[in-house]
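To start, the structure under review is shown below, and the notes come after it.
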Amino acid sequence: MLVVYERIRNLREDKDLSQEQLCKYLNCKQRTYSDYERGKLDIPTPLLFALADFHQTSIDYLLGRTDQKTPYPPPKKRS
């Protein structure tokens, strides 16, 4: 499960963002986000969705269930 914490940190750093900058998008406190990256707190599901959307990847990638960064195609709209 440690993969998730490493991946969210690496994705943030790849975009040269500080934790404070990302927290403005996520609407969370920097200290809380730091605890997510260090694995001290479990990341809530809504925040996982927001992180996946922000980084344009899938939750499965964030959780280490796949190594494919490309997000899944969006679901087809029902008529």
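Each chain of the structure tokens is named A, B, ... in the order shown, its residues numbered from 1; ligands are numbered from 1 in display order.
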Margin query: Using only C-alpha atoms, which protein or nucleic acid residues come within 12 Å of Cys28 in chain A? Drop anything in the same chain fewer than 5 positions from it, and give the result as a PyMOL selection string.
Written below: chain A and resi 19-23+33-36+43-44+46-47+50-51
Item checked: 8 Å contact set for range 67-73 of chain A, only C-alpha atoms, chain neighbours under 3 positions out, as a VMD selection string -> chain A and resid 56 to 58 61 64
Check: Quick one: distance from CA of Lys76 in chain A to CA of Asn27 in chain A in Å, one decimal?
Finding: 29.2 Å
Next item on the list: Check chain A with DSSP on the backbone and list each residue it calls helix (DSSP H, G or I), as a PyMOL selection string.
Entry: chain A and resi 2-14+19-26+30-37+45-55+59-62
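Counting only C-alpha atoms and comparing A:Lys24, A:Lys29, A:Arg7, A:Gly39, the residue that lies closest to Ala52 in chain A is A:Arg7.
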Next item on the list: Name all residues at most 12 Å from Arg65 in chain A (count only C-alpha atoms; drop same-chain ones fewer than 6 positions away) and give them as number ranges by chain.
Entry: A: 1-4, 7, 58-59
Checklist line | Interatomic distance (Å, one decimal) between CA of Gln30 in chain A and CA of Leu11 in chain A | finding: 16.3 Å
Notebook entry, point to check: Do you have the CA of Leu26 in chain A-CA of Thr45 in chain A distance handy?
Noted result: 12.4 Å
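Minimum atom-to-atom distances from A:Arg38, A:Thr32, A:Tyr25, A:Asp60 to Asn10 in chain A were compared using only C-alpha atoms, and the lowest value belongs to A:Arg38.
Among the candidates A:Phe49, A:Leu63, A:Arg78, A:Phe54, the residue lying nearest to Arg12 in chain A is A:Phe54 (atoms considered: only C-alpha atoms).
Distances from A:Lys40, A:His55, A:Arg31, A:Leu48 to Glu13 in chain A were compared using only C-alpha atoms, and the smallest one belongs to A:His55.
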